[in-house]
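Chemist: I'm passing along structure_11.cif; it holds mmCIF, N, CA and C atoms and all ligand atoms.
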data_coords
loop_
_atom_site.label_atom_id
_atom_site.label_comp_id
_atom_site.auth_asym_id
_atom_site.auth_seq_id
_atom_site.Cartn_x
_atom_site.Cartn_y
_atom_site.Cartn_z
N MET A 1 18.45 -3.42 -15.51
CA MET A 1 18.66 -3.45 -14.06
C MET A 1 19.26 -2.13 -13.60
N VAL A 2 18.74 -1.64 -12.51
CA VAL A 2 19.26 -0.40 -11.95
C VAL A 2 19.52 -0.61 -10.46
N ALA A 3 20.49 0.14 -9.94
CA ALA A 3 20.79 0.03 -8.51
C ALA A 3 19.84 0.92 -7.72
N LEU A 4 19.07 0.29 -6.85
CA LEU A 4 18.10 1.03 -6.04
C LEU A 4 18.15 0.53 -4.61
N ALA A 5 17.84 1.42 -3.69
CA ALA A 5 17.78 1.02 -2.29
C ALA A 5 16.48 0.27 -2.04
N CYS A 6 16.61 -0.98 -1.63
CA CYS A 6 15.42 -1.79 -1.38
C CYS A 6 14.93 -1.54 0.04
N PRO A 7 13.65 -1.21 0.20
CA PRO A 7 13.13 -0.95 1.55
C PRO A 7 12.96 -2.22 2.38
N HIS A 8 13.01 -3.38 1.72
CA HIS A 8 12.78 -4.63 2.44
C HIS A 8 14.07 -5.15 3.07
N CYS A 9 15.11 -5.21 2.29
CA CYS A 9 16.37 -5.71 2.84
C CYS A 9 17.33 -4.56 3.13
N THR A 10 16.86 -3.34 2.95
CA THR A 10 17.63 -2.12 3.21
C THR A 10 19.05 -2.23 2.66
N ASP A 11 19.12 -2.71 1.44
CA ASP A 11 20.39 -2.84 0.77
C ASP A 11 20.24 -2.19 -0.59
N THR A 12 21.33 -1.66 -1.09
CA THR A 12 21.26 -1.17 -2.46
C THR A 12 21.55 -2.33 -3.38
N ALA A 13 20.51 -2.77 -4.04
CA ALA A 13 20.64 -3.98 -4.85
C ALA A 13 20.22 -3.67 -6.29
N LEU A 14 20.56 -4.57 -7.16
CA LEU A 14 20.10 -4.43 -8.52
C LEU A 14 18.63 -4.78 -8.58
N ALA A 15 17.87 -3.86 -9.11
CA ALA A 15 16.43 -4.07 -9.16
C ALA A 15 15.98 -4.05 -10.62
N ALA A 16 15.06 -4.91 -10.95
CA ALA A 16 14.52 -4.96 -12.30
C ALA A 16 13.12 -4.37 -12.31
N ARG A 17 12.77 -3.74 -13.41
CA ARG A 17 11.42 -3.19 -13.52
C ARG A 17 10.41 -4.31 -13.37
N HIS A 18 9.36 -4.01 -12.65
CA HIS A 18 8.37 -5.04 -12.37
C HIS A 18 6.97 -4.47 -12.55
N GLY A 19 6.74 -3.88 -13.70
CA GLY A 19 5.40 -3.38 -14.01
C GLY A 19 5.11 -2.06 -13.33
N GLU A 20 3.83 -1.78 -13.20
CA GLU A 20 3.41 -0.49 -12.67
C GLU A 20 2.33 -0.68 -11.61
N ASN A 21 2.25 0.30 -10.73
CA ASN A 21 1.10 0.37 -9.84
C ASN A 21 -0.10 0.82 -10.63
N ARG A 22 -1.27 0.73 -10.02
CA ARG A 22 -2.44 1.16 -10.78
C ARG A 22 -2.49 2.67 -10.94
N ASN A 23 -1.67 3.38 -10.16
CA ASN A 23 -1.63 4.82 -10.38
C ASN A 23 -0.52 5.21 -11.34
N GLY A 24 0.12 4.20 -11.96
CA GLY A 24 1.05 4.49 -13.05
C GLY A 24 2.51 4.60 -12.63
N THR A 25 2.80 4.55 -11.33
CA THR A 25 4.21 4.62 -10.94
C THR A 25 4.86 3.26 -11.14
N GLU A 26 6.13 3.29 -11.43
CA GLU A 26 6.84 2.05 -11.72
C GLU A 26 7.11 1.25 -10.46
N ARG A 27 7.00 -0.05 -10.59
CA ARG A 27 7.40 -0.93 -9.50
C ARG A 27 8.70 -1.64 -9.90
N PHE A 28 9.48 -1.98 -8.88
CA PHE A 28 10.73 -2.68 -9.12
C PHE A 28 10.79 -3.93 -8.27
N ARG A 29 11.50 -4.90 -8.77
CA ARG A 29 11.72 -6.10 -7.96
C ARG A 29 13.18 -6.16 -7.56
N CYS A 30 13.39 -6.31 -6.27
CA CYS A 30 14.74 -6.35 -5.73
C CYS A 30 15.44 -7.63 -6.16
N GLY A 31 16.66 -7.50 -6.66
CA GLY A 31 17.40 -8.67 -7.09
C GLY A 31 17.92 -9.49 -5.93
N ALA A 32 17.98 -8.90 -4.74
CA ALA A 32 18.52 -9.61 -3.57
C ALA A 32 17.44 -10.40 -2.85
N CYS A 33 16.31 -9.74 -2.50
CA CYS A 33 15.30 -10.43 -1.71
C CYS A 33 14.08 -10.82 -2.55
N GLY A 34 14.02 -10.30 -3.78
CA GLY A 34 12.93 -10.71 -4.67
C GLY A 34 11.61 -10.02 -4.42
N LYS A 35 11.58 -9.10 -3.47
CA LYS A 35 10.33 -8.40 -3.18
C LYS A 35 10.19 -7.18 -4.08
N THR A 36 8.97 -6.76 -4.29
CA THR A 36 8.73 -5.60 -5.13
C THR A 36 8.54 -4.36 -4.28
N PHE A 37 8.88 -3.24 -4.84
CA PHE A 37 8.70 -1.98 -4.13
C PHE A 37 8.61 -0.84 -5.13
N THR A 38 8.13 0.29 -4.65
CA THR A 38 8.05 1.50 -5.46
C THR A 38 9.03 2.50 -4.88
N PRO A 39 10.11 2.80 -5.60
CA PRO A 39 11.17 3.61 -5.01
C PRO A 39 10.70 5.01 -4.61
N ASP A 40 9.89 5.65 -5.42
CA ASP A 40 9.50 7.02 -5.09
C ASP A 40 8.03 7.12 -4.73
N GLY A 41 7.47 6.00 -4.33
CA GLY A 41 6.07 6.02 -3.96
C GLY A 41 5.86 6.66 -2.61
N ARG A 42 4.66 7.00 -2.31
CA ARG A 42 4.36 7.56 -1.00
C ARG A 42 4.53 6.46 0.04
N PRO A 43 5.01 6.82 1.22
CA PRO A 43 5.19 5.81 2.26
C PRO A 43 3.86 5.17 2.62
N ARG A 44 3.88 3.88 2.81
CA ARG A 44 2.66 3.16 3.13
C ARG A 44 2.34 3.37 4.60
N VAL A 45 1.29 4.12 4.85
CA VAL A 45 0.93 4.44 6.23
C VAL A 45 0.19 3.26 6.84
N LEU A 46 -0.70 2.68 6.06
CA LEU A 46 -1.49 1.56 6.53
C LEU A 46 -0.82 0.26 6.12
N SER A 47 -0.85 -0.72 6.96
CA SER A 47 -0.40 -2.03 6.54
C SER A 47 -1.44 -2.60 5.56
N TYR A 48 -0.97 -3.50 4.74
CA TYR A 48 -1.87 -4.10 3.77
C TYR A 48 -3.03 -4.81 4.47
N GLU A 49 -2.71 -5.46 5.59
CA GLU A 49 -3.74 -6.21 6.33
C GLU A 49 -4.82 -5.27 6.86
N LYS A 50 -4.36 -4.17 7.45
CA LYS A 50 -5.32 -3.24 8.04
C LYS A 50 -6.19 -2.61 6.96
N ARG A 51 -5.57 -2.27 5.84
CA ARG A 51 -6.34 -1.69 4.74
C ARG A 51 -7.41 -2.68 4.28
N GLU A 52 -7.02 -3.95 4.23
CA GLU A 52 -7.98 -4.95 3.78
C GLU A 52 -9.14 -5.09 4.76
N GLN A 53 -8.80 -5.03 6.04
CA GLN A 53 -9.85 -5.10 7.06
C GLN A 53 -10.82 -3.93 6.92
N ILE A 54 -10.27 -2.76 6.68
CA ILE A 54 -11.11 -1.59 6.53
C ILE A 54 -11.98 -1.73 5.28
N GLU A 55 -11.39 -2.24 4.21
CA GLU A 55 -12.16 -2.43 2.98
C GLU A 55 -13.30 -3.41 3.20
N ASN A 56 -13.01 -4.47 3.98
CA ASN A 56 -14.07 -5.44 4.28
C ASN A 56 -15.17 -4.80 5.09
N CYS A 57 -14.79 -3.98 6.07
CA CYS A 57 -15.78 -3.29 6.89
C CYS A 57 -16.61 -2.34 6.04
N LEU A 58 -15.96 -1.68 5.11
CA LEU A 58 -16.68 -0.78 4.23
C LEU A 58 -17.68 -1.55 3.38
N ALA A 59 -17.25 -2.74 2.93
CA ALA A 59 -18.14 -3.57 2.12
C ALA A 59 -19.35 -4.01 2.92
N GLU A 60 -19.14 -4.17 4.24
CA GLU A 60 -20.25 -4.57 5.11
C GLU A 60 -21.08 -3.37 5.53
N ARG A 61 -20.68 -2.20 5.07
CA ARG A 61 -21.34 -0.95 5.43
C ARG A 61 -21.38 -0.74 6.94
N MET A 62 -20.26 -1.06 7.56
CA MET A 62 -20.16 -0.85 8.99
C MET A 62 -20.10 0.63 9.30
N ASN A 63 -20.53 0.96 10.50
CA ASN A 63 -20.46 2.35 10.95
C ASN A 63 -19.00 2.80 11.00
N GLN A 64 -18.71 3.92 10.37
CA GLN A 64 -17.31 4.35 10.22
C GLN A 64 -16.68 4.70 11.55
N ARG A 65 -17.49 5.25 12.45
CA ARG A 65 -16.95 5.64 13.75
C ARG A 65 -16.54 4.38 14.53
N ALA A 66 -17.40 3.34 14.47
CA ALA A 66 -17.10 2.09 15.16
C ALA A 66 -15.90 1.42 14.53
N MET A 67 -15.81 1.51 13.21
CA MET A 67 -14.71 0.93 12.45
C MET A 67 -13.39 1.56 12.88
N ALA A 68 -13.38 2.87 12.96
CA ALA A 68 -12.17 3.60 13.34
C ALA A 68 -11.71 3.18 14.73
N ARG A 69 -12.67 3.02 15.62
CA ARG A 69 -12.34 2.63 17.00
C ARG A 69 -11.80 1.21 17.01
N ALA A 70 -12.44 0.31 16.27
CA ALA A 70 -12.04 -1.10 16.28
C ALA A 70 -10.66 -1.28 15.64
N GLN A 71 -10.38 -0.51 14.60
CA GLN A 71 -9.11 -0.68 13.89
C GLN A 71 -8.00 0.18 14.45
N GLY A 72 -8.36 1.10 15.33
CA GLY A 72 -7.35 1.99 15.88
C GLY A 72 -6.81 2.98 14.87
N VAL A 73 -7.66 3.39 13.95
CA VAL A 73 -7.26 4.39 12.97
C VAL A 73 -8.23 5.56 13.04
N SER A 74 -7.85 6.66 12.42
CA SER A 74 -8.72 7.81 12.43
C SER A 74 -9.81 7.65 11.37
N ARG A 75 -10.87 8.41 11.54
CA ARG A 75 -11.95 8.34 10.54
C ARG A 75 -11.47 8.91 9.21
N ASP A 76 -10.51 9.81 9.28
CA ASP A 76 -9.92 10.32 8.04
C ASP A 76 -9.27 9.18 7.25
N THR A 77 -8.62 8.28 7.96
CA THR A 77 -7.99 7.14 7.30
C THR A 77 -9.03 6.29 6.59
N ILE A 78 -10.13 6.06 7.28
CA ILE A 78 -11.20 5.26 6.67
C ILE A 78 -11.78 5.97 5.46
N ARG A 79 -11.95 7.26 5.59
CA ARG A 79 -12.44 8.03 4.43
C ARG A 79 -11.47 7.92 3.27
N ALA A 80 -10.17 7.95 3.58
CA ALA A 80 -9.17 7.87 2.52
C ALA A 80 -9.22 6.52 1.82
N VAL A 81 -9.38 5.45 2.61
CA VAL A 81 -9.47 4.11 2.02
C VAL A 81 -10.71 4.02 1.15
N ARG A 82 -11.82 4.55 1.66
CA ARG A 82 -13.07 4.47 0.91
C ARG A 82 -12.95 5.23 -0.41
N LYS A 83 -12.32 6.40 -0.34
CA LYS A 83 -12.16 7.22 -1.53
C LYS A 83 -11.32 6.47 -2.57
N LYS A 84 -10.27 5.82 -2.09
CA LYS A 84 -9.37 5.09 -2.99
C LYS A 84 -10.12 3.91 -3.63
N GLU A 85 -10.92 3.25 -2.81
CA GLU A 85 -11.73 2.13 -3.32
C GLU A 85 -12.64 2.60 -4.43
N GLN A 86 -13.30 3.73 -4.20
CA GLN A 86 -14.26 4.21 -5.18
C GLN A 86 -13.59 4.62 -6.48
N SER A 87 -12.40 5.21 -6.35
CA SER A 87 -11.72 5.66 -7.57
C SER A 87 -11.07 4.48 -8.30
N ALA A 88 -10.83 3.38 -7.58
CA ALA A 88 -10.16 2.24 -8.19
C ALA A 88 -11.13 1.38 -9.00
N SER A 89 -12.39 1.39 -8.59
CA SER A 89 -13.34 0.52 -9.26
C SER A 89 -14.04 1.23 -10.40
ZN ZN A 101 15.54 -6.36 -1.22
#
Any chance you could put this one into structure tokens?
Modeler:
Amino acid sequence: MVALACPHCTDTALAARHGENRNGTERFRCGACGKTFTPDGRPRVLSYEKREQIENCLAERMNQRAMARAQGVSRDTIRAVRKKEQSAS
């Protein structure tokens, strides 16, 4: 257990190692709220929900310009999600 600042409860709590992300960075589970987080990971710009919506749209081969407008994100964001999808599979 190590003391880490939890981004969920914004408290410095004892956190236990909780495996790794697929890019190899360590994940921790907060001992106070039980949620997992990556202490030195890049800030999550997209919400998980929005990313999933974009991934679904990509799977449907939707027009990227229309997708960006519907989701309120830039086309660069969609390209980034697509790139991540391709490298993950
Ligand atoms: Zn917490």
Chemist: Step by step, measure atom-to-atom distances between ligand ZN 101 (chain A) and each residue using only N, CA and C atoms and all ligand atoms, keep those at most 6.5 Å, then write them as a VMD selection string.
Modeler: chain A and resid 6 to 11 30 to 35
Chemist: What is the distance between atom C of Lys84 of chain A and atom N of Arg29 of chain A, in Å to one decimal?
Modeler: 23.9 Å
Chemist: For Ile78 of chain A, find every residue with an atom within 8 Å (counting only N, CA and C atoms), except residues of its own chain fewer than 4 positions away, and show them as a PDB file with N, CA and C atoms, keeping the file's coordinate frame.
Modeler:
ATOM      1  N   ILE A  54     -10.270  -2.760   6.680  1.00  0.00           N
ATOM      2  CA  ILE A  54     -11.110  -1.590   6.530  1.00  0.00           C
ATOM      3  C   ILE A  54     -11.980  -1.730   5.280  1.00  0.00           C
ATOM      4  N   GLU A  55     -11.390  -2.240   4.210  1.00  0.00           N
ATOM      5  CA  GLU A  55     -12.160  -2.430   2.980  1.00  0.00           C
ATOM      6  C   GLU A  55     -13.300  -3.410   3.200  1.00  0.00           C
ATOM      7  N   GLN A  64     -18.710   3.920  10.370  1.00  0.00           N
ATOM      8  CA  GLN A  64     -17.310   4.350  10.220  1.00  0.00           C
ATOM      9  C   GLN A  64     -16.680   4.700  11.550  1.00  0.00           C
ATOM     10  N   MET A  67     -15.810   1.510  13.210  1.00  0.00           N
ATOM     11  CA  MET A  67     -14.710   0.930  12.450  1.00  0.00           C
ATOM     12  C   MET A  67     -13.390   1.560  12.880  1.00  0.00           C
ATOM     13  N   ALA A  68     -13.380   2.870  12.960  1.00  0.00           N
ATOM     14  CA  ALA A  68     -12.170   3.600  13.340  1.00  0.00           C
ATOM     15  C   ALA A  68     -11.710   3.180  14.730  1.00  0.00           C
ATOM     16  N   VAL A  73      -7.660   3.390  13.950  1.00  0.00           N
ATOM     17  CA  VAL A  73      -7.260   4.390  12.970  1.00  0.00           C
ATOM     18  C   VAL A  73      -8.230   5.560  13.040  1.00  0.00           C
ATOM     19  N   SER A  74      -7.850   6.660  12.420  1.00  0.00           N
ATOM     20  CA  SER A  74      -8.720   7.810  12.430  1.00  0.00           C
ATOM     21  C   SER A  74      -9.810   7.650  11.370  1.00  0.00           C
ATOM     22  N   ARG A  82     -11.820   4.550   1.660  1.00  0.00           N
ATOM     23  CA  ARG A  82     -13.070   4.470   0.910  1.00  0.00           C
ATOM     24  C   ARG A  82     -12.950   5.230  -0.410  1.00  0.00           C
ATOM     25  N   LYS A  83     -12.320   6.400  -0.340  1.00  0.00           N
ATOM     26  CA  LYS A  83     -12.160   7.220  -1.530  1.00  0.00           C
ATOM     27  C   LYS A  83     -11.320   6.470  -2.570  1.00  0.00           C
ATOM     28  N   LYS A  84     -10.270   5.820  -2.090  1.00  0.00           N
ATOM     29  CA  LYS A  84      -9.370   5.090  -2.990  1.00  0.00           C
ATOM     30  C   LYS A  84     -10.120   3.910  -3.630  1.00  0.00           C
TER      31      LYS A  84
END
Chemist: Grab the atom N of Ser47 of chain A to atom C of Ala66 of chain A distance for me, in Å with one decimal place.
Modeler: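 So the two atoms, atom N of Ser47 of chain A and atom C of Ala66 of chain A, lie 17.0 Å apart.
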Chemist: Tell me which residues come within 6 Å of (12.1, -0.9, -3.9), as number ranges by chain, counting only C-alpha atoms in the file's coordinates.
Modeler: A: 6-7, 28, 36-39
Chemist: Store the residues of this selection in a file with N, CA and C atoms, as an mmCIF file, keeping the file's coordinate frame.
Modeler:
data_model
loop_
_atom_site.group_PDB
_atom_site.id
_atom_site.type_symbol
_atom_site.label_atom_id
_atom_site.label_comp_id
_atom_site.auth_asym_id
_atom_site.auth_seq_id
_atom_site.Cartn_x
_atom_site.Cartn_y
_atom_site.Cartn_z
ATOM 1 N N CYS A 6 16.610 -0.980 -1.630
ATOM 2 C CA CYS A 6 15.420 -1.790 -1.380
ATOM 3 C C CYS A 6 14.930 -1.540 0.040
ATOM 4 N N PRO A 7 13.650 -1.210 0.200
ATOM 5 C CA PRO A 7 13.130 -0.950 1.550
ATOM 6 C C PRO A 7 12.960 -2.220 2.380
ATOM 7 N N PHE A 28 9.480 -1.980 -8.880
ATOM 8 C CA PHE A 28 10.730 -2.680 -9.120
ATOM 9 C C PHE A 28 10.790 -3.930 -8.270
ATOM 10 N N THR A 36 8.970 -6.760 -4.290
ATOM 11 C CA THR A 36 8.730 -5.600 -5.130
ATOM 12 C C THR A 36 8.540 -4.360 -4.280
ATOM 13 N N PHE A 37 8.880 -3.240 -4.840
ATOM 14 C CA PHE A 37 8.700 -1.980 -4.130
ATOM 15 C C PHE A 37 8.610 -0.840 -5.130
ATOM 16 N N THR A 38 8.130 0.290 -4.650
ATOM 17 C CA THR A 38 8.050 1.500 -5.460
ATOM 18 C C THR A 38 9.030 2.500 -4.880
ATOM 19 N N PRO A 39 10.110 2.800 -5.600
ATOM 20 C CA PRO A 39 11.170 3.610 -5.010
ATOM 21 C C PRO A 39 10.700 5.010 -4.610
#
Chemist: Find the distance between atom CA of Val2 of chain A and atom C of Leu14 of chain A and write it in Å to one decimal.
Modeler: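 Going from atom CA of Val2 of chain A over to atom C of Leu14 of chain A, I get 5.6 Å.
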Chemist: When distances are computed from only C-alpha atoms, which of A:Arg51, A:Glu20, A:Arg27, A:Arg65 shows the smallest separation from Ala80 of chain A?
Modeler: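 Result for the nearest residue to Ala80 of chain A: A:Arg51.
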Chemist: Would you mind writing down, as a PyMOL selection string, each residue of chain A that DSSP on the backbone assigns to alpha helix (DSSP H)?
Modeler: chain A and resi 48-59+64-71+75-88
Chemist: Apply DSSP to the structure's backbone, then extract all residues of chain A labelled strand (DSSP E) and return them as number ranges by chain.
Modeler: A: 2-5, 12-20, 26-30, 36-37
